[in-house]
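Note: the block below is structure17.txt and it holds compact mmCIF, C-alpha atoms.
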```
# COMPACT_ATOMS: atom_id res chain seq x y z
CA MET A 49 174.38 111.02 95.02
CA ASP A 50 171.07 111.34 96.85
CA ALA A 51 169.33 113.87 94.64
CA GLN A 52 165.55 113.85 94.76
CA ASN A 53 163.69 113.05 91.60
CA PRO A 54 162.00 116.30 90.49
CA PHE A 55 159.37 114.28 88.60
CA GLN A 56 158.27 112.28 91.63
CA PRO A 57 154.76 113.17 92.77
CA PRO A 58 154.45 114.54 96.29
CA SER A 59 153.92 111.94 98.95
CA ALA A 60 150.55 112.70 100.47
CA GLU A 61 147.68 110.46 101.41
CA LEU A 62 144.66 111.16 99.24
CA THR A 63 141.23 110.83 100.79
CA GLN A 64 137.88 111.27 99.17
CA GLN A 65 135.73 113.80 100.99
CA THR A 66 132.09 112.96 100.43
CA GLU A 67 129.03 112.03 102.46
CA THR A 68 128.31 108.50 103.54
CA THR A 69 125.61 107.05 105.70
CA GLN A 70 124.60 103.77 107.21
CA ALA A 71 120.93 104.55 106.59
CA PRO A 72 119.26 103.07 103.51
CA LEU A 73 118.78 105.40 100.55
CA TYR A 74 116.39 105.53 97.60
CA LYS A 75 117.99 104.85 94.22
CA VAL A 76 118.06 107.62 91.63
CA GLY A 77 115.72 105.51 89.47
CA ALA A 78 113.34 105.13 92.42
CA VAL A 79 112.99 108.91 92.58
CA ALA A 80 112.10 108.92 88.87
CA LEU A 81 109.62 106.07 89.39
CA ALA A 82 107.88 107.90 92.24
CA THR A 83 107.80 111.06 90.12
CA PHE A 84 106.10 109.21 87.26
CA PHE A 85 103.33 107.84 89.45
CA GLY A 86 103.01 110.64 92.00
CA SER A 87 104.17 113.92 90.42
CA PRO A 88 107.39 115.78 91.14
CA LEU A 89 106.17 116.14 94.71
CA ALA A 90 106.72 112.41 95.32
CA GLY A 91 110.18 112.63 93.78
CA ALA A 92 111.01 115.61 96.00
CA TYR A 93 109.92 113.66 99.06
CA LEU A 94 112.26 110.75 98.27
CA LEU A 95 115.15 113.04 97.31
CA GLY A 96 114.59 115.02 100.51
CA ARG A 97 114.72 111.82 102.56
CA ASN A 98 118.03 110.91 100.90
CA LEU A 99 119.46 114.36 101.58
CA GLN A 100 118.43 114.15 105.23
CA ALA A 101 120.02 110.71 105.56
CA LEU A 102 123.23 112.12 104.07
CA GLY A 103 123.23 114.97 106.60
CA ARG A 104 122.35 117.60 104.00
CA GLY A 105 118.82 118.36 105.16
CA GLY A 106 119.32 122.08 104.53
CA GLU A 107 119.12 121.45 100.79
CA THR A 108 115.59 120.03 100.91
CA GLY A 109 113.93 123.46 100.67
CA GLY A 110 115.50 124.06 97.27
CA VAL A 111 114.48 120.61 96.09
CA TRP A 112 110.89 121.21 97.17
CA GLY A 113 110.89 124.60 95.46
CA ILE A 114 111.98 123.09 92.14
CA ALA A 115 109.48 120.23 92.46
CA ILE A 116 106.59 122.57 93.23
CA ALA A 117 107.55 124.75 90.26
CA LEU A 118 107.59 121.68 87.97
CA PHE A 119 104.22 120.59 89.34
CA VAL A 120 102.59 124.02 88.96
CA VAL A 121 103.90 124.45 85.40
CA GLY A 122 102.63 120.98 84.48
CA MET A 123 99.20 121.64 85.97
CA ALA A 124 98.96 125.06 84.32
CA LEU A 125 99.80 123.54 80.93
CA ALA A 126 97.22 120.82 81.49
CA PHE A 127 94.51 123.44 82.02
CA ILE A 128 95.65 125.85 79.29
CA LEU A 129 96.40 123.50 76.40
CA PRO A 130 93.57 121.87 74.43
CA GLU A 131 92.60 118.28 75.17
CA SER A 132 94.04 117.15 71.84
CA VAL A 133 97.58 117.75 73.17
CA PRO A 134 98.89 114.52 74.72
CA ALA A 135 99.90 114.68 78.39
CA LEU A 136 102.68 112.08 78.23
CA PRO A 137 105.44 114.48 77.05
CA PHE A 138 104.80 116.71 80.06
CA THR A 139 104.96 113.74 82.42
CA VAL A 140 108.19 112.57 80.80
CA ALA A 141 109.63 116.09 81.14
CA GLN A 142 108.82 116.10 84.86
CA VAL A 143 110.40 112.67 85.35
CA VAL A 144 113.53 113.66 83.43
CA GLY A 145 113.75 116.90 85.40
CA MET A 146 113.56 115.14 88.77
CA PHE A 147 116.00 112.44 87.60
CA ALA A 148 118.51 115.10 86.54
CA LEU A 149 118.04 117.01 89.81
CA THR A 150 118.62 113.83 91.80
CA GLN A 151 121.74 112.96 89.79
CA GLN A 152 123.07 116.47 90.29
CA ARG A 153 122.39 116.58 94.03
CA ILE A 154 123.30 113.07 95.22
CA GLY A 155 124.75 111.18 92.23
CA PRO A 156 128.35 110.92 93.55
CA ALA A 157 127.13 110.11 97.07
CA MET A 158 124.97 107.29 95.65
CA ILE A 159 127.95 105.82 93.80
CA LEU A 160 130.04 105.88 96.99
CA HIS A 161 127.13 104.46 98.99
CA GLY A 162 126.87 101.56 96.53
CA GLU A 163 130.62 100.94 96.53
CA GLN A 164 130.60 100.71 100.32
CA GLY A 165 127.75 98.20 100.25
CA GLY A 166 125.20 100.65 101.63
CA LEU A 167 121.60 99.63 102.03
CA LEU A 168 118.96 100.70 99.51
CA TYR A 169 115.22 100.93 99.83
CA SER A 170 113.14 98.80 97.49
CA ASN A 171 111.73 100.29 94.31
CA TRP A 172 108.38 98.85 95.43
CA ARG A 173 108.50 101.18 98.42
CA ALA A 174 109.17 104.12 96.08
CA LEU A 175 106.28 103.01 93.86
CA GLY A 176 103.94 102.88 96.87
CA ILE A 177 104.98 106.36 97.96
CA GLY A 178 104.48 107.60 94.40
CA LEU A 179 100.99 106.08 94.27
CA LEU A 180 100.08 107.67 97.63
CA PHE A 181 101.21 111.06 96.38
CA GLY A 182 99.26 110.46 93.16
CA LEU A 183 96.12 109.73 95.17
CA ALA A 184 96.63 112.88 97.23
CA VAL A 185 97.03 114.98 94.07
CA VAL A 186 93.85 113.50 92.53
CA ALA A 187 91.95 114.07 95.78
CA ALA A 188 93.11 117.70 95.92
CA LEU A 189 92.14 118.28 92.30
CA LEU A 190 88.71 116.75 92.87
CA ALA A 191 88.23 118.85 96.00
CA VAL A 192 88.76 121.94 93.85
CA ALA A 193 87.04 120.77 90.66
CA ILE A 194 83.79 119.36 92.10
CA PRO A 195 82.63 122.62 93.70
CA LEU A 196 83.56 124.53 90.53
CA VAL A 197 81.48 122.12 88.43
CA LEU A 198 78.54 122.27 90.86
CA LEU A 199 78.61 126.06 90.77
CA GLU A 200 78.83 125.83 86.97
CA LEU A 201 82.01 127.88 86.88
CA ILE A 202 83.75 125.39 84.60
```

Please render this file's structure as structure tokens.
Amino acid sequence: MDAQNPFQPPSAELTQQTETTQAPLYKVGAVALATFFGSPLAGAYLLGRNLQALGRGGETGGVWGIAIALFVVGMALAFILPESVPALPFTVAQVVGMFALTQQRIGPAMILHGEQGGLLYSNWRALGIGLLFGLAVVAALLAVAIPLVLLELI
């Protein structure tokens, strides 16, 4: 009697369909580190680089939009709220937001990249990029604030 077992699972080869790359990627924590030192704009830059390396460069516009919105909201709150309100919770909120966005966008791809022994950029590199973005933000703020102070508008 050659009856087939009705409880036998179908015989099919299972493959995991996800992005891989040979290019080095920034760790999820590196995006958070760059965000802490250089605003969500630095985090968006690193996340955008990862997306491009994974062949998903079309998603970078959305990432930049979210990062710019986080940055603008943070800056608006900094100018609106009194000086007695500490700034650290807003910085932490931006870092957590960019970390969650990175996890949501490339978390599974990062796990697969690590399992396959993929290369990763150093966190020091991410820190340097974050510091450069931080300098650019400070320079832009000073370029706006100095003339306003000289004209006695603020």

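Coordinates place atom CA of Met123 of chain A at a distance of 25.1 Å from atom CA of Arg153 of chain A.
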
Once you count only C-alpha atoms, what closest atom pair and distance in Å to one decimal does each residue of segment 75-155 of chain A within 7 Å of segment 180-191 of chain A have, with rows by chain and rising residue number, as a Markdown table?
```
| residue | atom | partner | partner_atom | distance |
| --- | --- | --- | --- | --- |
| A:Phe85 | CA | A:Gly182 | CA | 6.1 |
| A:Gly86 | CA | A:Gly182 | CA | 3.9 |
| A:Ser87 | CA | A:Gly182 | CA | 6.6 |
| A:Ala90 | CA | A:Phe181 | CA | 5.8 |
```

Worksheet item: What lies within 12 Å of Gln152 of chain A using only C-alpha atoms, ignoring chain neighbours under 6 positions off, as an MDAnalysis selection string?
Response: chainID A and resid 76 95 111 145:146 158

Discussion item. So that I can check the surroundings of segment 175-178 of chain A, please list as a PyMOL selection string every protein, DNA and RNA residue that reaches within 12 Å of it, counting all atoms listed in the file and ignoring chain neighbours fewer than 3 positions away.
Written reply: chain A and resi 74-75+77-94+143+169-172+181-185

Write a file of the selected residues as a CSV table (one decimal), in the coordinates of the input, keeping C-alpha atoms.
```csv
chain,number,residue,atom,x,y,z
A,74,TYR,CA,116.4,105.5,97.6
A,75,LYS,CA,118.0,104.8,94.2
A,77,GLY,CA,115.7,105.5,89.5
A,78,ALA,CA,113.3,105.1,92.4
A,79,VAL,CA,113.0,108.9,92.6
A,80,ALA,CA,112.1,108.9,88.9
A,81,LEU,CA,109.6,106.1,89.4
A,82,ALA,CA,107.9,107.9,92.2
A,83,THR,CA,107.8,111.1,90.1
A,84,PHE,CA,106.1,109.2,87.3
A,85,PHE,CA,103.3,107.8,89.4
A,86,GLY,CA,103.0,110.6,92.0
A,87,SER,CA,104.2,113.9,90.4
A,88,PRO,CA,107.4,115.8,91.1
A,89,LEU,CA,106.2,116.1,94.7
A,90,ALA,CA,106.7,112.4,95.3
A,91,GLY,CA,110.2,112.6,93.8
A,92,ALA,CA,111.0,115.6,96.0
A,93,TYR,CA,109.9,113.7,99.1
A,94,LEU,CA,112.3,110.8,98.3
A,143,VAL,CA,110.4,112.7,85.4
A,169,TYR,CA,115.2,100.9,99.8
A,170,SER,CA,113.1,98.8,97.5
A,171,ASN,CA,111.7,100.3,94.3
A,172,TRP,CA,108.4,98.8,95.4
A,181,PHE,CA,101.2,111.1,96.4
A,182,GLY,CA,99.3,110.5,93.2
A,183,LEU,CA,96.1,109.7,95.2
A,184,ALA,CA,96.6,112.9,97.2
A,185,VAL,CA,97.0,115.0,94.1
```

Discussion item. Here is a test: counting only C-alpha atoms, which residue of A:Gly122, A:Gly166, A:Gly103, A:Pro195 is nearest to Ala71 of chain A?
Written reply: A:Gly166

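Straight-line separation from atom CA of Phe138 of chain A to atom CA of Leu73 of chain A: 27.3 Å.
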
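Distances here use all atoms listed in the file; by that measure, the residue among A:Gln70, A:Leu201, A:Leu118, A:Leu196 closest to Val140 of chain A is A:Leu118.
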
Worksheet item: How many Å separate atom CA of Asn98 of chain A from atom CA of Pro72 of chain A?
Response: 8.4 Å

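You can rank A:Leu149, A:Ile128, A:Ala135, A:Val192 by their closest distance to Gly96 of chain A using all atoms listed in the file, and at the top of that list sits A:Leu149.
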
Worksheet, complete the sentence: One residue among A:Gly165, A:Pro137, A:Gly109, A:Phe147 is nearest to Arg97 of chain A when using only C-alpha atoms, and that residue is A:Gly109

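Each of A:Gln52, A:Leu102, A:Pro57, A:Ala141 was compared to His161 of chain A using all atoms listed in the file, and A:Leu102 turns out to be the nearest.
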